[in-house]
Amino acid sequence: SCVLSWGPSLVVWAPLGSEPGRVVSVDAASGAERWRLDEATRVFGGPLPTASGDVVDRTEQRHVDALAVGSLVIVWRGDGRLVALHADRSGEPAWRQEPDSIHQLQAVAAHGGDIVCVGLPEAGSDAPRVEVRGASDGSVRLRGACPQAIGRPRWLQCVPKGVLIGGADGVALLEFEPDLPLRWQQLEQRVRGCDALACGGDWMLLADGTQRRVVAVQLADGSTRPDFLRSSDGTDANAFAGVRCLQGRWLSHRLLALTLHQPDGTLAGEAAGSPARRHDQIAVSGDAVFSAEIVQPDAPRPFEGGDGRAAPTMMPRLAVRRFVTADGLRLAGPPLVLQAEGLRMTALDTVDGWLLIGCDDRTLALAAPTR
């Protein structure tokens, strides 16, 4: 699960694998449920007919995702349908949009008060299209073509003056101007099929197919720099779980190590990795980084308890640790420890002094440690 928006209502999006996702809104102060949408596909109605008039359950109609734009939650389906829900009310639709020039929607991203969509006009097409729609009413503001050379689109990343599109065969930057003109495209082998990690400053960071190497793409001209975020402590053997831009620097998250890097990718201070710690989920708040792990009773290592001492555990425990970034990454105080029997943690977030721990069947809100 992931938190989409925070305000009077906390709105959580819970994708459910091959099943329709769920949207749940709770009161931010008390945690009481305000409204929920158990099957996100219900907001779209039935399947759309094909060009011949047949109604079929196509694969793209079963892909549903959501994102927040201001006070709206945009729920989109792979066949090009978009529905905006009021987050702070009872979840009723603000507007609906049927497919226009995109009938196989591959990715959607938010940019200010707009949403950017990329996909194919029809099955089998090799001419991807891009649309910029106003989030307030869903109307099309800009429309253009995605370069065919980058292959089938896989992800979007909005930057101040344009949108980056990652495809199976390359990466391209389109400018937010009439017809969405192409600024540059990068087709080097090292960026083909890469996953988006993070964007900040002058760089877009991509993970190669092994998830162990980072390629940096210069936003100005598309030039690349391989082996970005290299460390000297052996943690490169672990696959990346994610990278974030943190106050102009890069926070690298691997399962067994957190590392902080300067804007140019060099290591800043000591790594936070330790054989006695895992970093299953992380969250960032200001100059603090929170790391959470669930330790099982049969873990082949001692558990670091709330008093900071290593001890065996007889039941699952959830440990949340706080690191500060003033000088590299430094552990600040003992961990916050809770019983975790029956929990499977899927997400961690922090908002307004609260830690939000997303689990399979619930979301926990805890006061974030401050020291």
# chains A, B, ... in the order shown; residues from 1 in each chain; ligands from 1
>>> select_by_dssp(residues="region 10-146 of chain A", states="strand (DSSP E or B)", output="MDAnalysis selection string")
chainID A and resid 10:16 19:27 33:37 49 55 64:69 72:77 82:86 93:97 104:111 114:120 129:134 140:145
>>> select_by_dssp(residues="region 188-295 of chain A", states="helix (DSSP H, G or I)", output="PyMOL selection string")
chain A and resi 189-191+235-237
>>> write_last_selection(atoms="C-alpha atoms", output="PDB file, in the first residue's frame")
ATOM      1  CA  GLN A 189      22.762   0.176 -24.834  1.00  0.00           C
ATOM      2  CA  ARG A 190      23.300   1.039 -21.163  1.00  0.00           C
ATOM      3  CA  VAL A 191      19.915   2.824 -20.869  1.00  0.00           C
ATOM      4  CA  THR A 235      27.508  -2.962  -0.799  1.00  0.00           C
ATOM      5  CA  ASP A 236      27.312  -2.835  -4.597  1.00  0.00           C
ATOM      6  CA  ALA A 237      26.693  -6.587  -4.502  1.00  0.00           C
TER       7      ALA A 237
END
>>> residues_around(residues="Thr266 (chain A)", least_positions_apart="4", cutoff="8 Å", atoms="only C-alpha atoms", output="ChimeraX atom specification")
/A:229-231,261-262
>>> write_last_selection(atoms="N, CA and C atoms", output="short mmCIF file (atom, residue, chain, number, x, y, z; two decimals), in the first residue's frame")
data_model
loop_
_atom_site.label_atom_id
_atom_site.label_comp_id
_atom_site.auth_asym_id
_atom_site.auth_seq_id
_atom_site.Cartn_x
_atom_site.Cartn_y
_atom_site.Cartn_z
N LEU A 229 26.86 6.45 -8.18
CA LEU A 229 26.60 6.00 -6.82
C LEU A 229 27.40 4.77 -6.42
N ARG A 230 28.63 4.65 -6.93
CA ARG A 230 29.49 3.55 -6.51
C ARG A 230 29.97 3.78 -5.09
N SER A 231 30.07 2.71 -4.31
CA SER A 231 30.60 2.80 -2.95
C SER A 231 31.85 1.94 -2.84
N HIS A 261 25.14 10.00 -0.82
CA HIS A 261 26.10 10.39 -1.85
C HIS A 261 25.98 11.88 -2.16
N GLN A 262 27.10 12.46 -2.56
CA GLN A 262 27.13 13.85 -2.98
C GLN A 262 26.42 13.99 -4.34
#
>>> residues_around(residues="Arg152 (chain A)", least_positions_apart="5", cutoff="10 Å", atoms="only C-alpha atoms", output="ChimeraX atom specification")
/A:106,118-120,125-128,146-147,165-170,193
>>> residues_around(residues="Asp100 (chain A)", least_positions_apart="2", cutoff="12 Å", atoms="only C-alpha atoms", output="ChimeraX atom specification")
/A:79-82,97-98,102-105,117-122,129-131,133,138-140,143
